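**Q** What follows is a single structure, and I will ask about it in a moment.
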Amino acid sequence: MRYGICNLSIVPLRFEASDRSELVSQVLYGDIFKIIESRKHWSKIRIAFDKYEGWIDNKQFLEIEAEDYKKLQSANPKLSLDLVEFVQDKTDQLIPIQLGASLNGMQLMNHTFDGNFTSEIQPKTNIISTALLYLNSPYLWGGKTPFGIDCSGFTQMVYKLNGYKLLRDASQQATQGEALSFIEESEPGDLAFFDNAEGNIIHVGLIMKDNYIIHAHGKVRIDRLDHSGIYNVDKGIHTHKLRVIKKVI
């Protein structure tokens with residue numbers, strides 16, 4: 001088995017080994033992964049954090065040793081807390097990184113960093129304040145950053161920044177935690193899931209106090225939440241049908 005680390009800020013993870021293929025997620029600075037298939041220009045990888053798989057351009061990562069991968073995988077996560085920051089390489093060039101970038105592997109890449117970071121599990125009361133850092137970020141299918149993010153990437157990154165693990169897709173996240181019977185049982189930071197006409201879970205958001213929800217739909221926005229689902233305050237209509245509320249923390 002071979003292993004890698006992302007040495008750039010935001011790298012596309014694609015469904016197939018092609019620049020024209022669908023973006024399924026993103027590999028952020030410092031993310032580590034297993035290389036499960038190799039081709040001349042592309043590698044299929046499995047990200048350590050959430051076991052998500054896809055194809056990455058071979059020019060956009062560094063290969064690391066198995067021992068280093070294991071050490072990083074077991075290390076307490078150290079994540080950048082600034083919207084945009086920079087790491088510095090050995091030639092004094094600056095490399096931009098974004099909110100939620102992993103800083104644990106910097107020494108392997110000969111990079112230095114003196115910005116703000118978090119490395120502790122935060123109380124649940126911190127979830128919504130973290131979520132508000134992404135407010136008005138544009139929606140991007142497969143995105144995981146303030147410059148483009150999808151609904152499950154949003155909830156995953158907010159939880160990650162507070163020291164908790166969520167899976168990548170909304171349907172996967174819906175398998176985690178304890179189901180609640182009523183909205184009234186929920187508290188800020190719980191997850192609300194929504195389904196389509198076929199009963200498939202297609203959307204997720206973070207419950208706020210006073211029956212509000214923050215979620216990525218066009219942009220990261222705040223709407224009303226009731227027993228039917230999400231009520232869009234701008235359009236005056238329900239846009240998503242509530243399926244289940246889950247308490248993970």
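Following the order of the structure tokens, first chain is A, next is B, and so on, with residues numbered from 1 inside each chain and ligands from 1 in the order they appear.
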With a distance cut-off of 7 Å and only C-alpha atoms, select the neighbouring residues of Phe15 of chain A, excluding the residue or stretch itself and same-chain residues fewer than 2 positions from it, and output the selection as a PDB file with C-alpha atoms, in the first residue's frame.

**A**
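Generated output (around-v4.pdb):
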ATOM      1  CA  SER A  21     -15.112  14.184 -14.402  1.00  0.00           C
ATOM      2  CA  GLU A  22     -17.613  15.107 -11.689  1.00  0.00           C
ATOM      3  CA  LEU A  23     -16.248  16.708  -8.530  1.00  0.00           C
ATOM      4  CA  VAL A  24     -17.265  14.376  -5.694  1.00  0.00           C
ATOM      5  CA  GLY A  54     -12.082   9.318  -5.611  1.00  0.00           C
ATOM      6  CA  TRP A  55      -9.418  10.227  -8.152  1.00  0.00           C
TER       7      TRP A  55
END

**Q** Compile the contact shell of Arg221 of chain A as a ChimeraX atom specification: residues with an atom at most 7 Å away, counting only C-alpha atoms, same-chain residues fewer than 3 positions apart removed.

**A** /A:135-136,214-217

**Q** Quick one: of A:Ala101, A:Leu108, A:Val220, A:Leu180, who's nearest to Tyr139 of chain A, counting only C-alpha atoms?

**A**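 Smallest distance to Tyr139 of chain A is found for A:Val220.
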
**Q** When distances are computed from only C-alpha atoms, which of A:Leu191, A:Ile201, A:Leu83, A:Ile97 shows the smallest separation from Leu133 of chain A?

**A** A:Leu83

**Q** Neighbouring residues of segment 115-123 of chain A were defined as those with any atom within 8 Å, considering only C-alpha atoms; residues of the same chain fewer than 2 positions away were excluded. Please report them as a list of chain:residue names.

**A** A:Asn76, A:Pro77, A:Lys78, A:Leu79, A:Ser80, A:Leu81, A:Asp82, A:Glu85, A:Phe86, A:Phe113, A:Thr125, A:Asn126, A:Ile127, A:Leu161, A:Asn162, A:Gly163, A:Tyr164

**Q** Rounded to one decimal, what separation in Å do you get between atom CA of Lys124 of chain A and atom CA of Leu206 of chain A?

**A**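 A separation of 11.8 Å between them.
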
**Q** Using only C-alpha atoms, which of the listed residues (A:Lys165, A:His203, A:Lys90, A:Lys219) sits closest to Leu242 of chain A?

**A**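 Of the candidates, the smallest distance to Leu242 of chain A is held by A:His203.
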
**Q** State, in Å with one decimal place, the distance from atom CA of Glu67 of chain A to atom CA of Ile47 of chain A.

**A**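 Separation between atom CA of Glu67 of chain A and atom CA of Ile47 of chain A: 16.3 Å.
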
**Q** Report, in Å with one decimal, the straight-line distance from atom CA of Ile128 of chain A to atom CA of Leu8 of chain A.

**A**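 Computing it gives 28.0 Å between the two atoms.
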
**Q** Find, counting only C-alpha atoms, the residue in A:Ala75, A:Val27, A:Val244, A:Val233 that gets nearest to Gln176 of chain A.

**A**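 Residue with the minimum atom-to-atom distance to Gln176 of chain A: A:Val244.
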
**Q** Could you find all residues in segment 22-233 of chain A that DSSP calls strand (DSSP E or B) from the backbone, and write them as a ChimeraX atom specification?

**A** /A:23-28,32-38,42-47,53-57,62-64,79-80,84-88,94-98,102,112,117-118,138-139,144-145,148-149,178-180,191-195,201-207,212-217,219-225,229-232

**Q** Could you pull out all residues of segment 29-240 of chain A with a DSSP call of alpha helix (DSSP H) and give them as a list of chain:residue names?

**A**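 Here is the list: A:Ala66, A:Glu67, A:Asp68, A:Tyr69, A:Lys70, A:Lys71, A:Leu72, A:Gln73, A:Ser74, A:Ile127, A:Ile128, A:Ser129, A:Thr130, A:Ala131, A:Cys151, A:Ser152, A:Gly153, A:Phe154, A:Thr155, A:Gln156, A:Met157, A:Val158, A:Tyr159, A:Lys160, A:Leu161, A:Ala170, A:Ser171, A:Gln172, A:Gln173.
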
**Q** Store the residues picked out above in a file with N, CA and C atoms, as an mmCIF file, in the first residue's frame.

**A**
data_model
loop_
_atom_site.group_PDB
_atom_site.id
_atom_site.type_symbol
_atom_site.label_atom_id
_atom_site.label_comp_id
_atom_site.auth_asym_id
_atom_site.auth_seq_id
_atom_site.Cartn_x
_atom_site.Cartn_y
_atom_site.Cartn_z
ATOM 1 N N ALA A 66 4.596 4.766 4.986
ATOM 2 C CA ALA A 66 3.538 4.142 5.780
ATOM 3 C C ALA A 66 3.637 4.537 7.250
ATOM 4 N N GLU A 67 4.853 4.615 7.762
ATOM 5 C CA GLU A 67 5.051 4.971 9.172
ATOM 6 C C GLU A 67 4.562 6.388 9.455
ATOM 7 N N ASP A 68 4.837 7.301 8.526
ATOM 8 C CA ASP A 68 4.385 8.685 8.697
ATOM 9 C C ASP A 68 2.862 8.767 8.618
ATOM 10 N N TYR A 69 2.276 8.008 7.719
ATOM 11 C CA TYR A 69 0.819 7.973 7.603
ATOM 12 C C TYR A 69 0.186 7.517 8.913
ATOM 13 N N LYS A 70 0.722 6.452 9.496
ATOM 14 C CA LYS A 70 0.163 5.919 10.735
ATOM 15 C C LYS A 70 0.299 6.921 11.878
ATOM 16 N N LYS A 71 1.425 7.607 11.937
ATOM 17 C CA LYS A 71 1.624 8.608 12.988
ATOM 18 C C LYS A 71 0.636 9.758 12.843
ATOM 19 N N LEU A 72 0.453 10.215 11.616
ATOM 20 C CA LEU A 72 -0.476 11.322 11.390
ATOM 21 C C LEU A 72 -1.917 10.904 11.645
ATOM 22 N N GLN A 73 -2.230 9.668 11.300
ATOM 23 C CA GLN A 73 -3.596 9.184 11.486
ATOM 24 C C GLN A 73 -3.969 9.109 12.969
ATOM 25 N N SER A 74 -2.994 8.824 13.811
ATOM 26 C CA SER A 74 -3.260 8.684 15.244
ATOM 27 C C SER A 74 -3.047 9.984 16.016
ATOM 28 N N ILE A 127 -20.689 24.774 18.119
ATOM 29 C CA ILE A 127 -21.010 24.320 16.759
ATOM 30 C C ILE A 127 -21.583 25.452 15.900
ATOM 31 N N ILE A 128 -22.576 26.154 16.409
ATOM 32 C CA ILE A 128 -23.243 27.165 15.587
ATOM 33 C C ILE A 128 -22.335 28.362 15.328
ATOM 34 N N SER A 129 -21.546 28.763 16.295
ATOM 35 C CA SER A 129 -20.627 29.879 16.050
ATOM 36 C C SER A 129 -19.618 29.519 14.965
ATOM 37 N N THR A 130 -19.201 28.248 14.919
ATOM 38 C CA THR A 130 -18.329 27.792 13.835
ATOM 39 C C THR A 130 -19.073 27.803 12.507
ATOM 40 N N ALA A 131 -20.323 27.336 12.518
ATOM 41 C CA ALA A 131 -21.128 27.305 11.291
ATOM 42 C C ALA A 131 -21.274 28.700 10.692
ATOM 43 N N CYS A 151 -23.960 20.787 1.105
ATOM 44 C CA CYS A 151 -24.658 20.709 2.394
ATOM 45 C C CYS A 151 -23.946 19.798 3.385
ATOM 46 N N SER A 152 -23.495 18.633 2.917
ATOM 47 C CA SER A 152 -22.841 17.692 3.830
ATOM 48 C C SER A 152 -21.382 18.049 4.077
ATOM 49 N N GLY A 153 -20.745 18.707 3.094
ATOM 50 C CA GLY A 153 -19.401 19.223 3.323
ATOM 51 C C GLY A 153 -19.418 20.286 4.416
ATOM 52 N N PHE A 154 -20.473 21.085 4.417
ATOM 53 C CA PHE A 154 -20.648 22.121 5.430
ATOM 54 C C PHE A 154 -20.775 21.520 6.830
ATOM 55 N N THR A 155 -21.681 20.568 7.001
ATOM 56 C CA THR A 155 -21.867 19.975 8.326
ATOM 57 C C THR A 155 -20.622 19.194 8.754
ATOM 58 N N GLN A 156 -19.981 18.493 7.802
ATOM 59 C CA GLN A 156 -18.776 17.736 8.140
ATOM 60 C C GLN A 156 -17.666 18.654 8.622
ATOM 61 N N MET A 157 -17.426 19.760 7.916
ATOM 62 C CA MET A 157 -16.334 20.655 8.283
ATOM 63 C C MET A 157 -16.607 21.366 9.606
ATOM 64 N N VAL A 158 -17.863 21.754 9.846
ATOM 65 C CA VAL A 158 -18.198 22.406 11.113
ATOM 66 C C VAL A 158 -17.934 21.459 12.277
ATOM 67 N N TYR A 159 -18.372 20.222 12.144
ATOM 68 C CA TYR A 159 -18.125 19.237 13.200
ATOM 69 C C TYR A 159 -16.621 18.955 13.335
ATOM 70 N N LYS A 160 -15.923 18.848 12.214
ATOM 71 C CA LYS A 160 -14.483 18.557 12.245
ATOM 72 C C LYS A 160 -13.720 19.640 12.989
ATOM 73 N N LEU A 161 -14.069 20.896 12.760
ATOM 74 C CA LEU A 161 -13.395 22.000 13.419
ATOM 75 C C LEU A 161 -13.631 22.013 14.927
ATOM 76 N N ALA A 170 -24.640 13.290 2.929
ATOM 77 C CA ALA A 170 -25.789 13.434 3.820
ATOM 78 C C ALA A 170 -26.399 12.073 4.167
ATOM 79 N N SER A 171 -26.525 11.190 3.181
ATOM 80 C CA SER A 171 -27.109 9.867 3.435
ATOM 81 C C SER A 171 -26.246 9.051 4.392
ATOM 82 N N GLN A 172 -24.924 9.256 4.341
ATOM 83 C CA GLN A 172 -24.022 8.569 5.267
ATOM 84 C C GLN A 172 -24.114 9.182 6.669
ATOM 85 N N GLN A 173 -24.153 10.494 6.738
ATOM 86 C CA GLN A 173 -24.264 11.165 8.033
ATOM 87 C C GLN A 173 -25.554 10.778 8.754
#

**Q** May I ask which of the residues A:Ser9, A:Gln26, A:Tyr52, A:Gly199 is the closest one to Val87 of chain A, counting only C-alpha atoms?

**A**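 Closest to Val87 of chain A of all the choices is A:Ser9.
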
**Q** Could you check which of A:Asn104, A:Asn58, A:Thr145, A:Ser43 is closest to Leu28 of chain A, using only C-alpha atoms?

**A**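 Comparing A:Asn104, A:Asn58, A:Thr145, A:Ser43 against Leu28 of chain A, the winner is A:Thr145.
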
**Q** Need the shell around Asp31 of chain A: protein/DNA/RNA residues with any atom at most 7 Å away, counting only C-alpha atoms. Skip same-chain ones fewer than 6 positions apart. Format as a PyMOL selection string?

**A** chain A and resi 5-6+102

**Q** So that I can check the surroundings of Asp226 of chain A, please list as a list in words every protein, DNA and RNA residue that reaches within 9 Å of it, counting only C-alpha atoms and ignoring chain neighbours fewer than 6 positions away.

**A**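 Listed by chain and then number, they are Ile183, Asn211, Tyr212 and Leu242 of chain A.
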
**Q** Keeping only N, CA and C atoms, write those residues as a PDB file, in the first residue's frame.

**A**
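Listed below is the output, result26.pdb:
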ATOM      1  N   ILE A 183     -38.852  18.010  16.863  1.00  0.00           N
ATOM      2  CA  ILE A 183     -37.954  19.161  16.809  1.00  0.00           C
ATOM      3  C   ILE A 183     -37.723  19.713  18.213  1.00  0.00           C
ATOM      4  N   ASN A 211     -36.084  27.477  16.359  1.00  0.00           N
ATOM      5  CA  ASN A 211     -36.605  26.913  15.105  1.00  0.00           C
ATOM      6  C   ASN A 211     -36.009  27.543  13.848  1.00  0.00           C
ATOM      7  N   TYR A 212     -34.713  27.802  13.901  1.00  0.00           N
ATOM      8  CA  TYR A 212     -33.981  28.198  12.711  1.00  0.00           C
ATOM      9  C   TYR A 212     -33.012  27.081  12.330  1.00  0.00           C
ATOM     10  N   LEU A 242     -38.670  17.468   5.771  1.00  0.00           N
ATOM     11  CA  LEU A 242     -37.953  16.898   6.912  1.00  0.00           C
ATOM     12  C   LEU A 242     -38.163  15.395   6.990  1.00  0.00           C
TER      13      LEU A 242
END

**Q** Leaving out Phe182 of chain A and any residue of its chain fewer than 3 positions from it, which residues lie within 9 Å of it when counting only C-alpha atoms, given as a list in words?

**A** Glu185, Ser186, His227, Val244 and Ile245 of chain A

**Q** What would the file look like if the residues just selected were written as a CSV table (one decimal), in the first residue's frame with N, CA and C atoms?

**A**
chain,number,residue,atom,x,y,z
A,185,GLU,N,-37.2,18.3,20.9
A,185,GLU,CA,-36.2,17.6,21.6
A,185,GLU,C,-34.8,18.0,21.2
A,186,SER,N,-34.7,18.7,20.1
A,186,SER,CA,-33.4,19.0,19.6
A,186,SER,C,-32.8,20.2,20.3
A,227,HIS,N,-42.1,21.3,11.4
A,227,HIS,CA,-42.3,19.9,11.3
A,227,HIS,C,-42.4,19.4,9.8
A,244,VAL,N,-35.7,13.3,9.3
A,244,VAL,CA,-35.3,12.8,10.6
A,244,VAL,C,-34.3,13.9,11.3
A,245,ILE,N,-34.3,13.9,12.6
A,245,ILE,CA,-33.3,14.8,13.3
A,245,ILE,C,-32.4,13.8,14.1
